[in-house]
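For reference, input.txt (compact mmCIF, C-alpha atoms):
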```txt
# COMPACT_ATOMS: atom_id res chain seq x y z
CA MET A 1 -25.63 0.28 -11.66
CA LYS A 2 -23.37 3.32 -12.06
CA ASN A 3 -19.70 2.68 -12.68
CA PHE A 4 -18.63 4.44 -9.50
CA THR A 5 -20.97 2.15 -7.54
CA LYS A 6 -19.14 -0.83 -9.04
CA LEU A 7 -15.91 0.81 -7.94
CA PHE A 8 -17.30 1.07 -4.39
CA PHE A 9 -17.96 -2.68 -4.31
CA ILE A 10 -14.56 -3.52 -5.82
CA PHE A 11 -12.75 -1.57 -3.09
CA ALA A 12 -15.13 -2.86 -0.41
CA LYS A 13 -14.27 -6.43 -1.46
CA ILE A 14 -10.56 -5.59 -1.39
CA GLY A 15 -10.92 -4.02 2.05
CA LEU A 16 -12.93 -6.94 3.36
CA PHE A 17 -10.69 -9.76 2.18
CA THR A 18 -7.19 -8.46 2.85
CA LEU A 19 -5.32 -8.19 6.11
CA GLY A 20 -2.22 -6.16 6.81
CA GLY A 21 -2.98 -2.73 5.41
CA GLY A 22 -2.31 -1.00 2.12
CA TYR A 23 0.72 -2.95 0.97
CA ALA A 24 -0.99 -6.25 1.60
CA MET A 25 -3.93 -5.00 -0.48
CA LEU A 26 -1.80 -4.18 -3.52
CA PRO A 27 -1.83 -7.64 -5.12
CA LEU A 28 -5.62 -7.85 -4.91
CA MET A 29 -5.99 -4.25 -6.13
CA GLU A 30 -3.74 -5.05 -9.06
CA LYS A 31 -5.74 -8.18 -9.88
CA GLU A 32 -9.07 -6.33 -9.71
CA LEU A 33 -8.06 -3.13 -11.48
CA VAL A 34 -5.31 -3.84 -14.01
CA GLY A 35 -6.68 -4.82 -17.39
CA THR A 36 -10.27 -3.86 -16.60
CA TYR A 37 -9.95 -0.31 -15.28
CA LEU A 38 -6.26 0.61 -15.39
CA SER A 39 -3.21 -0.33 -17.42
CA LYS A 40 -0.20 -1.77 -15.57
CA GLU A 41 1.61 1.55 -16.03
CA ASP A 42 -1.35 3.54 -14.69
CA PHE A 43 -1.56 1.24 -11.67
CA LEU A 44 2.16 1.73 -10.96
CA ASP A 45 1.72 5.51 -11.29
CA VAL A 46 -1.26 5.50 -8.93
CA THR A 47 0.67 3.34 -6.46
CA ALA A 48 3.72 5.61 -6.59
CA VAL A 49 1.66 8.75 -5.97
CA ALA A 50 -0.34 7.00 -3.21
CA GLN A 51 2.89 6.04 -1.43
CA SER A 52 4.22 9.57 -1.52
CA ALA A 53 0.98 11.17 -0.33
CA PRO A 54 0.24 11.40 3.38
CA GLY A 55 -2.39 9.08 4.76
CA ILE A 56 -3.43 5.49 4.43
CA MET A 57 -2.01 3.80 1.34
CA ALA A 58 -5.16 1.82 0.48
CA ILE A 59 -7.38 4.90 0.75
CA ASN A 60 -4.93 6.92 -1.35
CA VAL A 61 -4.95 4.27 -4.09
CA ALA A 62 -8.74 4.15 -3.96
CA ILE A 63 -9.08 7.94 -4.20
CA LEU A 64 -6.57 8.25 -7.04
CA THR A 65 -8.12 5.37 -8.97
CA GLY A 66 -11.66 6.65 -8.48
CA GLN A 67 -10.65 10.17 -9.47
CA ARG A 68 -8.83 8.94 -12.56
CA LEU A 69 -11.79 6.83 -13.67
CA TYR A 70 -14.92 8.76 -12.65
CA GLY A 71 -13.89 12.09 -11.14
CA VAL A 72 -14.97 13.21 -7.68
CA PRO A 73 -17.91 10.76 -7.36
CA GLY A 74 -15.51 7.92 -8.23
CA ALA A 75 -12.95 9.11 -5.70
CA VAL A 76 -15.54 9.38 -2.91
CA SER A 77 -17.11 6.04 -3.82
CA ALA A 78 -13.80 4.16 -3.98
CA ALA A 79 -12.56 5.72 -0.72
CA CYS A 80 -15.78 4.82 1.10
CA GLY A 81 -15.60 1.30 -0.28
CA ALA A 82 -12.01 0.87 0.87
CA ALA A 83 -12.67 2.30 4.34
CA LEU A 84 -16.05 0.78 5.21
CA PRO A 85 -14.99 -2.86 5.81
CA SER A 86 -12.11 -1.83 8.06
CA PHE A 87 -14.33 0.57 9.98
CA VAL A 88 -16.99 -2.10 10.57
CA ILE A 89 -14.44 -4.76 11.53
CA ILE A 90 -12.58 -2.44 13.92
CA LEU A 91 -15.86 -1.37 15.48
CA ALA A 92 -16.87 -5.01 16.00
CA VAL A 93 -13.45 -5.90 17.43
CA ALA A 94 -13.58 -2.90 19.77
CA LEU A 95 -16.97 -3.96 21.05
CA PHE A 96 -15.96 -7.54 21.78
CA PHE A 97 -12.16 -7.56 22.16
CA ARG A 98 -12.02 -7.10 25.92
CA LYS A 99 -14.11 -10.24 26.40
CA PHE A 100 -11.88 -12.34 24.15
CA ALA A 101 -8.43 -10.70 24.39
CA GLU A 102 -7.05 -13.37 26.70
CA ASN A 103 -8.82 -16.28 24.99
CA PRO A 104 -6.15 -18.77 23.87
CA VAL A 105 -7.93 -19.41 20.57
CA VAL A 106 -8.03 -15.68 19.74
CA VAL A 107 -4.36 -15.29 20.72
CA SER A 108 -3.48 -18.27 18.51
CA VAL A 109 -5.47 -16.90 15.58
CA PHE A 110 -3.63 -13.58 15.76
CA LYS A 111 -0.28 -15.37 16.00
CA GLY A 112 -1.23 -17.45 12.96
CA ILE A 113 -2.27 -14.43 10.92
CA ARG A 114 1.06 -12.62 11.39
CA PRO A 115 3.14 -14.74 8.95
CA ALA A 116 0.41 -14.49 6.33
CA VAL A 117 0.35 -10.71 6.67
CA VAL A 118 4.15 -10.57 6.30
CA ALA A 119 3.91 -12.63 3.11
CA LEU A 120 1.10 -10.44 1.78
CA ILE A 121 3.24 -7.36 2.38
CA MET A 122 6.40 -8.87 0.84
CA VAL A 123 4.79 -9.66 -2.54
CA PRO A 124 4.05 -6.02 -3.44
CA VAL A 125 7.40 -4.93 -2.01
CA PHE A 126 9.21 -7.29 -4.40
CA ASN A 127 6.98 -6.29 -7.31
CA LEU A 128 7.50 -2.58 -6.64
CA ALA A 129 11.25 -3.11 -6.26
CA LYS A 130 11.37 -4.90 -9.60
CA SER A 131 9.34 -2.20 -11.35
CA ALA A 132 11.53 0.51 -9.76
CA GLY A 133 14.64 -1.04 -11.25
CA VAL A 134 16.05 -2.69 -8.13
CA THR A 135 18.23 -5.63 -9.13
CA PHE A 136 20.51 -8.03 -7.29
CA LYS A 137 23.30 -5.59 -8.19
CA THR A 138 21.57 -2.64 -6.45
CA VAL A 139 19.70 -4.42 -3.64
CA TRP A 140 22.55 -3.60 -1.23
CA LEU A 141 21.32 0.01 -1.14
CA CYS A 142 17.82 -1.07 -0.07
CA ILE A 143 19.29 -3.30 2.64
CA ALA A 144 21.63 -0.53 3.85
CA VAL A 145 18.75 1.95 4.10
CA ALA A 146 16.54 -0.55 5.95
CA LEU A 147 19.35 -1.32 8.41
CA ALA A 148 20.10 2.38 8.91
CA VAL A 149 16.49 3.05 9.81
CA TRP A 150 16.03 -0.09 11.90
CA LEU A 151 19.35 -0.51 13.73
CA LEU A 152 20.72 3.02 13.82
CA GLY A 153 17.37 4.75 14.30
CA ILE A 154 17.97 7.20 11.45
CA SER A 155 14.78 8.99 10.49
CA PRO A 156 13.37 8.02 7.07
CA VAL A 157 12.99 11.75 6.41
CA TYR A 158 16.79 12.12 6.39
CA ILE A 159 17.10 9.12 4.09
CA VAL A 160 14.62 10.64 1.62
CA LEU A 161 16.36 14.02 1.75
CA LEU A 162 19.74 12.34 1.19
CA ALA A 163 18.28 10.39 -1.76
CA VAL A 164 16.90 13.59 -3.31
CA LEU A 165 20.26 15.32 -2.85
CA GLY A 166 22.05 12.33 -4.40
CA ALA A 167 19.66 12.29 -7.37
CA LEU A 168 20.17 16.02 -7.93
CA LEU A 169 23.96 15.60 -7.84
CA ILE A 170 23.84 12.66 -10.26
CA ASP A 171 21.55 14.61 -12.58
CA LYS A 172 23.88 17.63 -12.46
CA LYS A 173 26.85 15.39 -13.25
CA GLU A 174 24.97 13.75 -16.17
CA ARG A 175 23.99 17.14 -17.61
CA ALA A 176 27.59 18.34 -17.41
CA LYS A 177 28.73 15.53 -19.74
```
Take the structure in this file and express it as structure tokens.
Amino acid sequence: MKNFTKLFFIFAKIGLFTLGGGYAMLPLMEKELVGTYLSKEDFLDVTAVAQSAPGIMAINVAILTGQRLYGVPGAVSAACGAALPSFVIILAVALFFRKFAENPVVVSVFKGIRPAVVALIMVPVFNLAKSAGVTFKTVWLCIAVALAVWLLGISPVYIVLLAVLGALLIDKKERAK
């Protein structure tokens, strides 16, 4: 079996067995890819670029990983593998959801899944924060930004632009020394 076919099945498995989107998939992606296909540093680089690129995080990671490993066939294969399970599941849900939307068991299942999804999303957030240099000393900035976006309704675009401006000013000050 070609290597990019293996990559398809790796990302299909990741897409099939994780709930909650790209961030919830990160721990499983890391487990499947780091050590065998990517180094920890390469995985962090791929994740950082995937976050900054427009589109779905999981697909971006799949494309970047596939491209890095096996070129265009790897990128296409990994992207298809990551997207196929979600596509099939959403199609099945769309076909049957109206019949079961008010079913108390279905409602309970979705309510039960929510805390698990939150936990699955929090693990990569903490790991990424740690690798980005966020410490207990600097966590106040993360909290302030989250509150500004959530409570004050400030657009994340303005936050990013302000962060870039701040980084440029700090760099200019450091170079002047």
Rows by chain and residue number, stretch 24-64 of chain A within 8 Å of stretch 112-134 of chain A, shortest pair, all atoms listed in the file, as JSON lines:
```
{"residue": "A:Ala24", "atom": "CA", "partner": "A:Ile121", "partner_atom": "CA", "distance": 4.4}
{"residue": "A:Met25", "atom": "CA", "partner": "A:Leu120", "partner_atom": "CA", "distance": 7.7}
{"residue": "A:Leu26", "atom": "CA", "partner": "A:Pro124", "partner_atom": "CA", "distance": 6.1}
{"residue": "A:Pro27", "atom": "CA", "partner": "A:Pro124", "partner_atom": "CA", "distance": 6.3}
```
Fewer than 3 positions away in the same chain doesn't count, so skip those; otherwise give me all residues within 8 Å of stretch 77-92 of chain A, counting all atoms listed in the file, as a PDB file with C-alpha atoms, in the frame of the given file.
```pdb
ATOM      1  CA  PHE A   4     -18.630   4.440  -9.500  1.00  0.00           C
ATOM      2  CA  THR A   5     -20.970   2.150  -7.540  1.00  0.00           C
ATOM      3  CA  LEU A   7     -15.910   0.810  -7.940  1.00  0.00           C
ATOM      4  CA  PHE A   8     -17.300   1.070  -4.390  1.00  0.00           C
ATOM      5  CA  PHE A   9     -17.960  -2.680  -4.310  1.00  0.00           C
ATOM      6  CA  ILE A  10     -14.560  -3.520  -5.820  1.00  0.00           C
ATOM      7  CA  PHE A  11     -12.750  -1.570  -3.090  1.00  0.00           C
ATOM      8  CA  ALA A  12     -15.130  -2.860  -0.410  1.00  0.00           C
ATOM      9  CA  LYS A  13     -14.270  -6.430  -1.460  1.00  0.00           C
ATOM     10  CA  ILE A  14     -10.560  -5.590  -1.390  1.00  0.00           C
ATOM     11  CA  GLY A  15     -10.920  -4.020   2.050  1.00  0.00           C
ATOM     12  CA  LEU A  16     -12.930  -6.940   3.360  1.00  0.00           C
ATOM     13  CA  ALA A  58      -5.160   1.820   0.480  1.00  0.00           C
ATOM     14  CA  ILE A  59      -7.380   4.900   0.750  1.00  0.00           C
ATOM     15  CA  ASN A  60      -4.930   6.920  -1.350  1.00  0.00           C
ATOM     16  CA  ALA A  62      -8.740   4.150  -3.960  1.00  0.00           C
ATOM     17  CA  ILE A  63      -9.080   7.940  -4.200  1.00  0.00           C
ATOM     18  CA  THR A  65      -8.120   5.370  -8.970  1.00  0.00           C
ATOM     19  CA  GLY A  66     -11.660   6.650  -8.480  1.00  0.00           C
ATOM     20  CA  PRO A  73     -17.910  10.760  -7.360  1.00  0.00           C
ATOM     21  CA  GLY A  74     -15.510   7.920  -8.230  1.00  0.00           C
ATOM     22  CA  LEU A  95     -16.970  -3.960  21.050  1.00  0.00           C
ATOM     23  CA  PHE A  96     -15.960  -7.540  21.780  1.00  0.00           C
TER      24      PHE A  96
END
```
Between atom CA of A:Ser52 and atom CA of A:Leu168 lies a distance of 18.4 Å
Margin query: I need the residue nearest A:Ile56 from this list: A:Leu28, A:Asp42, A:Gly35, A:Gly21. Use all atoms listed in the file for the distance.
Written below: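 Among A:Leu28, A:Asp42, A:Gly35, A:Gly21, it is A:Gly21 that comes nearest to A:Ile56.
Taking atom CA of A:Gly153 and atom CA of A:Lys137 as endpoints, the distance between them is 25.5 Å.
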Here atom CA of A:Ala163 and atom CA of A:Val145 stand apart by 10.3 Å
